[in-house]
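**Q** Have a peek at target.pdb (PDB, C-alpha atoms).
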ATOM      1  CA  MET A   1      -3.951 -23.571   5.446
ATOM      2  CA  ASP A   2      -4.440 -23.201   9.210
ATOM      3  CA  SER A   3      -4.304 -20.356  11.729
ATOM      4  CA  ASN A   4      -0.709 -21.211  12.733
ATOM      5  CA  THR A   5       0.441 -20.643   9.163
ATOM      6  CA  VAL A   6      -1.245 -17.244   9.163
ATOM      7  CA  LYS A   7       0.388 -16.370  12.504
ATOM      8  CA  ILE A   8       3.810 -17.131  11.021
ATOM      9  CA  ILE A   9       3.006 -14.859   8.066
ATOM     10  CA  LEU A  10       1.992 -12.054  10.455
ATOM     11  CA  GLU A  11       5.157 -12.478  12.537
ATOM     12  CA  THR A  12       7.267 -12.270   9.382
ATOM     13  CA  LEU A  13       5.480  -9.128   8.227
ATOM     14  CA  ASP A  14       5.892  -7.561  11.693
ATOM     15  CA  ARG A  15       9.671  -7.877  11.206
ATOM     16  CA  GLY A  16       9.325  -5.875   8.001
ATOM     17  CA  GLU A  17      10.039  -8.919   5.852
ATOM     18  CA  SER A  18       8.107 -10.420   2.944
ATOM     19  CA  ALA A  19       6.205 -13.659   3.472
ATOM     20  CA  SER A  20       4.735 -16.258   1.157
ATOM     21  CA  LEU A  21       1.960 -18.833   1.200
ATOM     22  CA  THR A  22       1.855 -22.027  -0.828
ATOM     23  CA  LEU A  23      -1.553 -23.063  -2.178
ATOM     24  CA  SER A  24      -2.435 -26.328  -3.922
ATOM     25  CA  ALA A  25      -5.356 -26.694  -6.308
ATOM     26  CA  ASP A  26      -6.134 -29.426  -8.836
ATOM     27  CA  GLY A  27      -2.570 -30.705  -8.770
ATOM     28  CA  THR A  28      -0.989 -27.276  -9.278
ATOM     29  CA  THR A  29       1.036 -25.415  -6.641
ATOM     30  CA  TYR A  30       0.634 -21.637  -6.443
ATOM     31  CA  THR A  31       2.612 -19.044  -4.481
ATOM     32  CA  ARG A  32       0.965 -16.014  -2.930
ATOM     33  CA  ARG A  33       3.473 -13.426  -1.717
ATOM     34  CA  PHE A  34       2.770 -10.824   0.993
ATOM     35  CA  ILE A  35       4.825  -7.646   0.643
ATOM     36  CA  PRO A  36       4.924  -5.263   3.653
ATOM     37  CA  GLY A  37       3.584  -1.784   3.064
ATOM     38  CA  ASP A  38       6.044   0.781   1.717
ATOM     39  CA  ARG A  39       7.126   3.460   4.173
ATOM     40  CA  LEU A  40       5.965   6.972   3.310
ATOM     41  CA  ILE A  41       7.645   9.827   5.173
ATOM     42  CA  LEU A  42       5.697  13.097   5.228
ATOM     43  CA  LEU A  43       8.001  15.996   6.017
ATOM     44  CA  GLY A  44       5.539  18.633   7.144
ATOM     45  CA  GLY A  45       2.250  18.146   8.953
ATOM     46  CA  GLY A  46       0.047  20.742   7.282
ATOM     47  CA  HIS A  47      -3.252  20.405   5.443
ATOM     48  CA  VAL A  48      -1.877  18.744   2.302
ATOM     49  CA  SER A  49       0.093  16.256   4.404
ATOM     50  CA  LEU A  50      -3.020  15.372   6.370
ATOM     51  CA  ASP A  51      -4.935  14.570   3.179
ATOM     52  CA  VAL A  52      -1.997  12.600   1.762
ATOM     53  CA  TYR A  53      -1.835  10.649   5.042
ATOM     54  CA  HIS A  54      -5.493   9.586   4.842
ATOM     55  CA  MET A  55      -5.237   8.554   1.207
ATOM     56  CA  ALA A  56      -1.840   6.855   1.486
ATOM     57  CA  PHE A  57      -2.983   4.836   4.488
ATOM     58  CA  MET A  58      -5.887   3.462   2.451
ATOM     59  CA  LEU A  59      -3.390   2.561  -0.292
ATOM     60  CA  GLY A  60      -1.338   0.476   2.129
ATOM     61  CA  PHE A  61       1.560   2.805   2.926
ATOM     62  CA  ASP A  62       3.101   2.801   6.400
ATOM     63  CA  VAL A  63       3.091   6.528   7.118
ATOM     64  CA  VAL A  64       5.548   8.559   9.204
ATOM     65  CA  ALA A  65       4.518  12.158   9.932
ATOM     66  CA  VAL A  66       7.256  14.679  10.771
ATOM     67  CA  ASP A  67       7.022  18.297  11.870
ATOM     68  CA  ASP A  68       8.711  20.475  14.499
ATOM     69  CA  ARG A  69       5.382  21.978  15.624
ATOM     70  CA  PRO A  70       3.517  19.874  18.218
ATOM     71  CA  GLU A  71       0.131  21.221  17.135
ATOM     72  CA  PHE A  72       0.752  19.843  13.628
ATOM     73  CA  CYS A  73       2.474  16.624  14.623
ATOM     74  CA  ASN A  74       0.626  14.472  17.158
ATOM     75  CA  LYS A  75      -1.277  11.182  17.382
ATOM     76  CA  GLN A  76      -4.629  12.940  17.441
ATOM     77  CA  ARG A  77      -3.882  14.436  14.022
ATOM     78  CA  PHE A  78      -2.179  11.328  12.578
ATOM     79  CA  PRO A  79      -3.634   8.475  14.674
ATOM     80  CA  LYS A  80      -2.426   5.587  12.493
ATOM     81  CA  ALA A  81       0.990   6.993  11.626
ATOM     82  CA  GLN A  82       4.347   6.992  13.347
ATOM     83  CA  VAL A  83       4.695  10.547  14.629
ATOM     84  CA  LEU A  84       8.059  12.257  15.008
ATOM     85  CA  CYS A  85       7.943  15.785  16.416
ATOM     86  CA  ASP A  86      11.474  17.081  15.880
ATOM     87  CA  SER A  87      13.473  19.300  13.552
ATOM     88  CA  PHE A  88      13.412  18.009   9.997
ATOM     89  CA  GLU A  89      17.171  17.435   9.913
ATOM     90  CA  ASN A  90      17.124  15.449  13.159
ATOM     91  CA  ALA A  91      14.120  13.429  12.027
ATOM     92  CA  ILE A  92      15.721  12.555   8.688
ATOM     93  CA  ARG A  93      18.826  11.367  10.503
ATOM     94  CA  LYS A  94      16.796   9.243  12.939
ATOM     95  CA  LEU A  95      14.661   7.665  10.206
ATOM     96  CA  HIS A  96      17.631   6.260   8.239
ATOM     97  CA  ILE A  97      15.979   6.774   4.850
ATOM     98  CA  SER A  98      16.606   3.885   2.465
ATOM     99  CA  ALA A  99      16.150   3.155  -1.238
ATOM    100  CA  ARG A 100      12.779   1.523  -0.443
ATOM    101  CA  ASP A 101      11.221   4.648   1.098
ATOM    102  CA  TYR A 102       8.868   7.259  -0.325
ATOM    103  CA  VAL A 103       9.373  10.846   0.889
ATOM    104  CA  CYS A 104       7.135  13.884   0.385
ATOM    105  CA  VAL A 105       8.566  17.285   1.308
ATOM    106  CA  LEU A 106       5.486  19.321   2.246
ATOM    107  CA  THR A 107       6.821  21.843   4.741
ATOM    108  CA  ARG A 108       5.520  25.316   5.504
ATOM    109  CA  GLY A 109       8.193  27.256   3.585
ATOM    110  CA  HIS A 110      11.196  27.348   1.231
ATOM    111  CA  ARG A 111      13.725  27.385   4.064
ATOM    112  CA  TRP A 112      12.513  24.092   5.503
ATOM    113  CA  ASP A 113      12.094  22.539   2.043
ATOM    114  CA  ARG A 114      15.744  23.161   1.325
ATOM    115  CA  GLN A 115      16.785  21.774   4.715
ATOM    116  CA  CYS A 116      14.933  18.565   3.973
ATOM    117  CA  ILE A 117      16.214  18.164   0.434
ATOM    118  CA  THR A 118      19.880  18.767   1.301
ATOM    119  CA  ALA A 119      19.679  16.421   4.293
ATOM    120  CA  ILE A 120      18.185  13.695   2.093
ATOM    121  CA  LEU A 121      20.658  14.216  -0.762
ATOM    122  CA  SER A 122      23.499  13.796   1.742
ATOM    123  CA  GLY A 123      22.398  10.215   2.435
ATOM    124  CA  GLU A 124      20.840   7.298   0.582
ATOM    125  CA  MET A 125      18.314   8.391  -2.008
ATOM    126  CA  PRO A 126      14.736   7.207  -1.371
ATOM    127  CA  TYR A 127      12.881   5.383  -4.116
ATOM    128  CA  TYR A 128      10.552   8.368  -4.457
ATOM    129  CA  LEU A 129      11.280  11.963  -3.445
ATOM    130  CA  GLY A 130       8.773  14.717  -4.157
ATOM    131  CA  MET A 131       8.615  18.368  -3.106
ATOM    132  CA  ILE A 132       5.659  20.712  -3.266
ATOM    133  CA  SER A 133       6.612  23.902  -5.120
ATOM    134  CA  SER A 134       6.088  25.974  -8.213
ATOM    135  CA  ARG A 135       8.026  24.944 -11.319
ATOM    136  CA  ARG A 136      10.096  28.137 -11.203
ATOM    137  CA  ARG A 137      11.091  27.632  -7.588
ATOM    138  CA  ALA A 138      11.860  23.955  -8.165
ATOM    139  CA  ASP A 139      14.125  24.778 -11.117
ATOM    140  CA  GLY A 140      15.888  27.435  -9.063
ATOM    141  CA  LEU A 141      16.528  25.007  -6.214
ATOM    142  CA  ARG A 142      17.898  22.391  -8.621
ATOM    143  CA  GLU A 143      20.360  24.924 -10.060
ATOM    144  CA  LEU A 144      21.460  25.944  -6.574
ATOM    145  CA  LEU A 145      21.969  22.336  -5.485
ATOM    146  CA  VAL A 146      24.132  21.625  -8.536
ATOM    147  CA  GLU A 147      26.237  24.716  -7.774
ATOM    148  CA  GLU A 148      26.702  23.483  -4.214
ATOM    149  CA  GLY A 149      28.066  20.177  -5.480
ATOM    150  CA  TYR A 150      25.209  17.788  -4.816
ATOM    151  CA  ASP A 151      24.909  14.724  -7.037
ATOM    152  CA  SER A 152      23.168  15.786 -10.253
ATOM    153  CA  ALA A 153      21.813  12.251 -10.791
ATOM    154  CA  LYS A 154      20.044  12.405  -7.429
ATOM    155  CA  ILE A 155      18.782  15.926  -8.109
ATOM    156  CA  SER A 156      17.244  14.810 -11.412
ATOM    157  CA  ARG A 157      15.118  12.241  -9.552
ATOM    158  CA  ILE A 158      13.316  14.845  -7.421
ATOM    159  CA  HIS A 159       9.648  15.143  -8.384
ATOM    160  CA  ALA A 160       9.093  18.871  -8.159
ATOM    161  CA  PRO A 161       6.489  20.156  -8.544
ATOM    162  CA  ILE A 162       5.192  17.100  -6.767
ATOM    163  CA  GLY A 163       2.272  15.083  -8.109
ATOM    164  CA  LEU A 164       0.716  14.355 -11.486
ATOM    165  CA  ASN A 165      -0.594  17.341 -13.417
ATOM    166  CA  ILE A 166      -4.360  16.859 -13.038
ATOM    167  CA  GLY A 167      -5.248  20.508 -12.535
ATOM    168  CA  ALA A 168      -5.599  19.995  -8.774
ATOM    169  CA  MET A 169      -6.969  22.936  -6.789
ATOM    170  CA  THR A 170      -8.038  21.681  -3.343
ATOM    171  CA  THR A 171      -5.783  20.032  -0.786
ATOM    172  CA  MET A 172      -7.564  16.699  -1.357
ATOM    173  CA  GLU A 173      -7.052  16.989  -5.110
ATOM    174  CA  ILE A 174      -3.373  17.791  -4.554
ATOM    175  CA  ALA A 175      -3.124  14.751  -2.266
ATOM    176  CA  LEU A 176      -4.740  12.631  -4.984
ATOM    177  CA  SER A 177      -2.187  13.847  -7.552
ATOM    178  CA  ILE A 178       0.672  13.017  -5.152
ATOM    179  CA  CYS A 179      -0.592   9.538  -4.324
ATOM    180  CA  ALA A 180      -1.269   8.814  -7.993
ATOM    181  CA  GLU A 181       2.318   9.770  -8.839
ATOM    182  CA  MET A 182       3.691   7.535  -6.074
ATOM    183  CA  ILE A 183       1.618   4.594  -7.300
ATOM    184  CA  ALA A 184       2.747   5.222 -10.890
ATOM    185  CA  GLU A 185       6.380   5.114  -9.716
ATOM    186  CA  LYS A 186       5.722   2.054  -7.572
ATOM    187  CA  ARG A 187       4.297   0.093 -10.497
ATOM    188  CA  LYS A 188       7.397   0.764 -12.586
ATOM    189  CA  ILE A 189       9.214  -1.850 -10.479
ATOM    190  CA  LYS A 190       9.388  -5.043 -12.486
ATOM    191  CA  THR A 191      10.285  -8.361 -10.876
ATOM    192  CA  SER A 192      10.696 -11.750 -12.454
ATOM    193  CA  PRO A 193       7.739 -13.829 -11.270
ATOM    194  CA  ILE A 194       8.286 -17.400 -10.221
ATOM    195  CA  GLU A 195       6.230 -20.154 -11.813
ATOM    196  CA  ASN A 196       2.541 -19.993 -10.833
ATOM    197  CA  GLU A 197       3.042 -16.917  -8.661
ATOM    198  CA  LEU A 198      -0.209 -15.039  -8.101
ATOM    199  CA  ILE A 199      -0.191 -11.384  -9.157
ATOM    200  CA  GLN A 200      -1.636  -9.623  -6.116
ATOM    201  CA  ASN A 201       0.838  -9.274  -3.222
ATOM    202  CA  ASN A 202      -0.794  -6.685  -0.981
ATOM    203  CA  VAL A 203      -1.266  -7.233   2.760
ATOM    204  CA  ASN A 204      -4.708  -7.017   4.360
ATOM    205  CA  ILE A 205      -3.776  -7.073   8.047
ATOM    206  CA  LYS A 206      -7.396  -7.094   9.229
ATOM    207  CA  MET A 207      -8.141 -10.207   7.180
ATOM    208  CA  LEU A 208      -4.974 -12.004   8.279
ATOM    209  CA  ARG A 209      -5.607 -11.249  11.942
ATOM    210  CA  TYR A 210      -9.146 -12.538  11.618
ATOM    211  CA  LEU A 211      -7.846 -15.785  10.115
ATOM    212  CA  ALA A 212      -5.195 -16.116  12.808
ATOM    213  CA  GLU A 213      -7.221 -15.166  15.884
ATOM    214  CA  SER A 214     -10.897 -15.975  15.304
ATOM    215  CA  ASP A 215     -12.239 -19.227  16.746
ATOM    216  CA  GLU A 216     -15.334 -19.284  14.535
ATOM    217  CA  SER A 217     -15.706 -21.537  11.491
ATOM    218  CA  ARG A 218     -14.469 -19.779   8.365
ATOM    219  CA  ALA A 219     -13.185 -20.199   4.830
ATOM    220  CA  LEU A 220     -10.563 -18.508   2.698
ATOM    221  CA  ILE A 221     -11.307 -17.522  -0.900
ATOM    222  CA  THR A 222      -8.333 -16.877  -3.195
ATOM    223  CA  VAL A 223      -8.525 -15.784  -6.834
ATOM    224  CA  LEU A 224      -6.387 -18.241  -8.825
ATOM    225  CA  SER A 225      -6.985 -16.678 -12.233
ATOM    226  CA  SER A 226      -9.027 -14.028 -13.958
ATOM    227  CA  THR A 227      -9.513 -13.542 -17.672
ATOM    228  CA  GLY A 228     -11.306 -10.874 -19.624
ATOM    229  CA  SER A 229     -12.738  -7.792 -17.967
ATOM    230  CA  THR A 230     -12.734  -9.027 -14.371
ATOM    231  CA  PRO A 231     -12.482  -6.611 -11.418
ATOM    232  CA  VAL A 232      -9.414  -8.047  -9.622
ATOM    233  CA  LYS A 233      -6.208  -9.962 -10.329
ATOM    234  CA  SER A 234      -5.078 -13.373  -9.139
ATOM    235  CA  GLY A 235      -4.005 -13.439  -5.494
ATOM    236  CA  SER A 236      -6.919 -11.329  -4.250
ATOM    237  CA  MET A 237      -8.143 -12.890  -0.992
ATOM    238  CA  MET A 238     -11.205 -12.858   1.229
ATOM    239  CA  ALA A 239     -12.085 -14.622   4.491
ATOM    240  CA  VAL A 240     -15.729 -15.543   5.075
ATOM    241  CA  ASN A 241     -17.660 -16.884   8.078
ATOM    242  CA  ARG A 242     -20.809 -19.054   8.124
ATOM    243  CA  LEU A 243     -23.058 -15.994   7.948
ATOM    244  CA  GLY A 244     -21.295 -14.720   4.839
ATOM    245  CA  LYS A 245     -19.526 -11.826   6.549
ATOM    246  CA  GLY A 246     -16.337 -11.094   4.666
ATOM    247  CA  TYR A 247     -12.900  -9.665   5.404
ATOM    248  CA  GLY A 248     -11.118  -8.488   2.274
ATOM    249  CA  THR A 249     -12.541  -8.708  -1.234
ATOM    250  CA  VAL A 250     -12.317 -10.791  -4.377
ATOM    251  CA  GLY A 251     -13.852  -8.161  -6.618
ATOM    252  CA  GLY A 252     -17.370  -7.519  -5.384
ATOM    253  CA  GLY A 253     -20.494  -7.929  -7.453
ATOM    254  CA  CYS A 254     -21.995 -11.200  -8.640
ATOM    255  CA  GLY A 255     -18.628 -12.984  -8.793
ATOM    256  CA  GLU A 256     -17.870 -12.342  -5.137
ATOM    257  CA  ALA A 257     -21.452 -13.176  -4.143
ATOM    258  CA  ALA A 258     -21.201 -16.539  -5.895
ATOM    259  CA  ALA A 259     -17.848 -17.294  -4.246
ATOM    260  CA  ILE A 260     -19.222 -16.421  -0.793
ATOM    261  CA  ALA A 261     -22.236 -18.686  -1.313
ATOM    262  CA  LYS A 262     -19.909 -21.558  -2.256
ATOM    263  CA  ALA A 263     -17.625 -20.812   0.706
ATOM    264  CA  ARG A 264     -20.549 -21.072   3.132
ATOM    265  CA  GLN A 265     -21.178 -24.584   1.804
ATOM    266  CA  ILE A 266     -17.505 -25.515   2.310
ATOM    267  CA  ILE A 267     -17.156 -24.219   5.887
ATOM    268  CA  GLY A 268     -16.912 -27.051   8.400
ATOM    269  CA  THR A 269     -16.362 -29.792   5.824
ATOM    270  CA  GLY A 270     -12.557 -29.833   6.078
ATOM    271  CA  SER A 271     -12.359 -29.708   2.295
ATOM    272  CA  SER A 272     -11.379 -27.324  -0.473
ATOM    273  CA  THR A 273     -12.555 -26.799  -4.021
ATOM    274  CA  VAL A 274     -11.758 -24.839  -7.154
ATOM    275  CA  TYR A 275     -14.824 -22.865  -8.201
ATOM    276  CA  GLU A 276     -15.193 -21.047 -11.515
ATOM    277  CA  VAL A 277     -17.551 -18.127 -12.133
ATOM    278  CA  GLU A 278     -18.537 -17.064 -15.632
ATOM    279  CA  MET A 279     -19.117 -13.311 -15.531
ATOM    280  CA  THR A 280     -21.219 -13.258 -18.711
ATOM    281  CA  ASP A 281     -23.917 -15.734 -17.695
ATOM    282  CA  ASP A 282     -27.608 -14.969 -17.436
ATOM    283  CA  VAL A 283     -27.508 -14.316 -13.693
ATOM    284  CA  ALA A 284     -24.775 -11.712 -14.083
ATOM    285  CA  ALA A 285     -26.682 -10.119 -16.935
ATOM    286  CA  GLU A 286     -29.842  -9.853 -14.847
ATOM    287  CA  ASP A 287     -27.867  -8.174 -12.064
ATOM    288  CA  GLY A 288     -26.335  -5.692 -14.461
ATOM    289  CA  MET A 289     -22.877  -6.980 -13.577
ATOM    290  CA  VAL A 290     -21.659  -8.346 -16.914
ATOM    291  CA  CYS A 291     -17.887  -7.948 -17.093
ATOM    292  CA  GLY A 292     -17.091 -10.361 -19.916
ATOM    293  CA  GLY A 293     -14.599 -12.484 -17.991
ATOM    294  CA  VAL A 294     -14.056 -15.676 -16.058
ATOM    295  CA  MET A 295     -12.782 -15.970 -12.471
ATOM    296  CA  SER A 296     -11.388 -19.099 -10.843
ATOM    297  CA  PHE A 297     -11.380 -19.298  -7.019
ATOM    298  CA  LEU A 298      -9.726 -21.653  -4.569
ATOM    299  CA  ILE A 299     -12.077 -21.984  -1.591
ATOM    300  CA  GLU A 300     -10.647 -23.634   1.523
ATOM    301  CA  ASP A 301     -12.238 -24.547   4.832
ATOM    302  CA  ILE A 302      -9.867 -23.444   7.594
ATOM    303  CA  THR A 303     -11.954 -24.366  10.605
ATOM    304  CA  ASP A 304      -9.555 -25.199  13.458
TER
END
Here is a file; write its structure as structure tokens.

**A**
Amino acid sequence: MDSNTVKIILETLDRGESASLTLSADGTTYTRRFIPGDRLILLGGGHVSLDVYHMAFMLGFDVVAVDDRPEFCNKQRFPKAQVLCDSFENAIRKLHISARDYVCVLTRGHRWDRQCITAILSGEMPYYLGMISSRRRADGLRELLVEEGYDSAKISRIHAPIGLNIGAMTTMEIALSICAEMIAEKRKIKTSPIENELIQNNVNIKMLRYLAESDESRALITVLSSTGSTPVKSGSMMAVNRLGKGYGTVGGGCGEAAAIAKARQIIGTGSSTVYEVEMTDDVAAEDGMVCGGVMSFLIEDITD
């Protein structure tokens, strides 16, 4: 793989489309897919929304923050999100919510919650729709929506009260319960994998940009397989320079350290190798890192 290939992947992702990379190792061809981050729309810019924003961003969501109050909806408050300071109804119309979106209704009151829910139910249903509320108030709103003629199948898909029941008390704990519920729903999606498709399909933009733009000698480490109690799945990727500085991760611990050491030997040679790490060997045991598994890495020199 070279930097031009990575640039094409980045351009494809910038268009909101999925991209793929073909890898060859020991006569076998593997496919590593890159799926753009899911869009999360936060309707309401209060304290819970702010904590959800921070957590969801770390989880790879592309966040949109919406509120009609400028002091709660600005780039200083949500620096890495798309910010839309407008009425909720106008914002929902402008955002063209689709079946791929995740939406959290976290407004400052019942009136605005209902505005958001009815506006959303009038269009295409997002993949995930949650609303912060008590169970009693959520049940009452559902009954009212049915009486008003809204689609009962759509109404039944509203997660209200929002979030998994973990006994959350603080805003950060509530945010954790919401993000955990969104991830649980996300992982329900089952796709038919193609032959030799690697499991991990997340996008690490920082790593990809480093591979595409850096002019220093570097290598790419990709997990081809993992068996037993290993920390990551196949498709996990990490870029490494001659000094061993890494972008991304292939699981940390002794396995990653061994892969980095091998990558530093590969850099500048124009070659690639498949490198296997036994996570139950004596070195791992001495480091207290015994996982009981085996990891296989493809390590490629990508020096331009």

**Q** Write out as a compact mmCIF listing (two decimals) with C-alpha atoms, in the frame of the given file the residues lying within 7 Å of Met207 (chain A), counting only C-alpha atoms and excluding same-chain residues fewer than 2 positions away.

**A**
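Output (result.txt):
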# COMPACT_ATOMS: atom_id res chain seq x y z
CA ASN A 204 -4.71 -7.02 4.36
CA ILE A 205 -3.78 -7.07 8.05
CA ARG A 209 -5.61 -11.25 11.94
CA TYR A 210 -9.15 -12.54 11.62
CA LEU A 211 -7.85 -15.78 10.12
CA ALA A 239 -12.08 -14.62 4.49
CA TYR A 247 -12.90 -9.66 5.40
CA GLY A 248 -11.12 -8.49 2.27

**Q** Between A:Ala175, A:Arg111, A:Gly253, A:Phe34, which residue has the minimum interatomic distance to Leu50 (chain A), considering all atoms listed in the file?

**A** A:Ala175

**Q** I'd like the residues picked by the PyMOL selection byres ((chain A and resi 135) around 12) written out as an MDAnalysis selection string, using the chain letters and numbers from the file.

**A** chainID A and resid 131:134 136:142 159:163 165

**Q** From the list A:Thr303, A:Pro126, A:Ile97, A:Leu208, which residue is nearest Ile9 (chain A) when using all atoms listed in the file?

**A**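 The answer is A:Leu208, which sits nearest to Ile9 (chain A).
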
**Q** What does the distance from CA of Ala258 (chain A) to CA of Thr222 (chain A) come to in Å, to one decimal?

**A** 13.2 Å

**Q** Distance CA of Glu147 (chain A)-CA of Glu124 (chain A), one decimal place?

**A**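 Those two atoms sit 20.1 Å apart.
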
**Q** Using 8 Å of padding on each side, determine the axis-aligned box around all atoms of region 41-53 of chain A present in the file and give its centre and edge lengths in Å to one decimal, as lines of an AutoDock Vina configuration file.

**A**
center_x = 1.5
center_y = 15.3
center_z = 5.4
size_x = 28.9
size_y = 26.9
size_z = 23.2

**Q** How many Å separate CA of Leu176 (chain A) from CA of Ala56 (chain A)?

**A** 9.1 Å

**Q** Can you tell me which residues surround Met295 (chain A) at a distance of at most 8 Å, considering only C-alpha atoms, apart from same-chain residues fewer than 4 positions away, and format the answer as a list in words?

**A**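 Contacts, with the query itself left out: Val223, Leu224, Ser225, Ser226, Thr227, Thr230, Gly255, Glu276, Val277, Glu278 and Met279 of chain A.
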
**Q** Dump as a Markdown table the rows for residues of region 21-51 of chain A within 6 Å of region 65-85 of chain A: closest atom pair and distance in Å with one decimal, only C-alpha atoms counted, ordered by chain and rising residue number.

**A**
| residue | atom | partner | partner_atom | distance |
| --- | --- | --- | --- | --- |
| A:Leu42 | CA | A:Ala65 | CA | 4.9 |
| A:Leu43 | CA | A:Val66 | CA | 5.0 |
| A:Gly44 | CA | A:Asp67 | CA | 5.0 |
| A:Gly45 | CA | A:Phe72 | CA | 5.2 |

**Q** Write out as a ChimeraX atom specification each polymer residue whose atoms come within 9 Å of region 263-274 of chain A, counting all atoms listed in the file; drop sequence neighbours fewer than 3 positions from it.

**A** /A:25-26,217-221,224,240-244,258-260,296-303

**Q** Need the neighbours of (5.4, 5.2, -8.8): which residues are at most 12 Å away, counting all atoms listed in the file, as a PyMOL selection string?

**A** chain A and resi 38+100-103+127-130+159+163-164+177-190

**Q** For Thr5 (chain A), find every residue with an atom within 12 Å (counting all atoms listed in the file), except residues of its own chain fewer than 2 positions away, and show them as JSON, numbers by chain.

**A** {"A": [1, 2, 3, 7, 8, 9, 10, 11, 12, 19, 20, 21, 22, 23, 208, 209, 211, 212, 213, 302, 304]}

**Q** Between A:Ala99, A:Leu40, A:Ala261, A:Ile199, which is the closest to Lys233 (chain A) once you count only C-alpha atoms?

**A** A:Ile199

**Q** Would you pick out the contacts of Gly37 (chain A) at 7 Å or less, using all atoms listed in the file, so that residues sharing its chain but fewer than 4 positions from it are not included, and give the list as a list in words?

**A** Gly60, Phe61 and Asp62 of chain A

**Q** Which of these residues is nearest to Lys206 (chain A), using all atoms listed in the file: A:Val250, A:Met169, A:Val6, A:Val105?

**A**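 Among the listed residues, A:Val6 lies closest to Lys206 (chain A).
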
**Q** Have a look at A:Met125, A:Ser234, A:Gly46, A:Cys254 and name the one nearest to Glu197 (chain A); count all atoms listed in the file.

**A**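 Distance minimum relative to Glu197 (chain A) lands on A:Ser234.
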
**Q** Given the choices A:Met172, A:Val203, A:Tyr275, A:Ile41, which gets closest to His54 (chain A) if the distance is worked out from all atoms listed in the file?

**A**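 Of A:Met172, A:Val203, A:Tyr275, A:Ile41, the one nearest His54 (chain A), counting all atoms listed in the file, is A:Met172.
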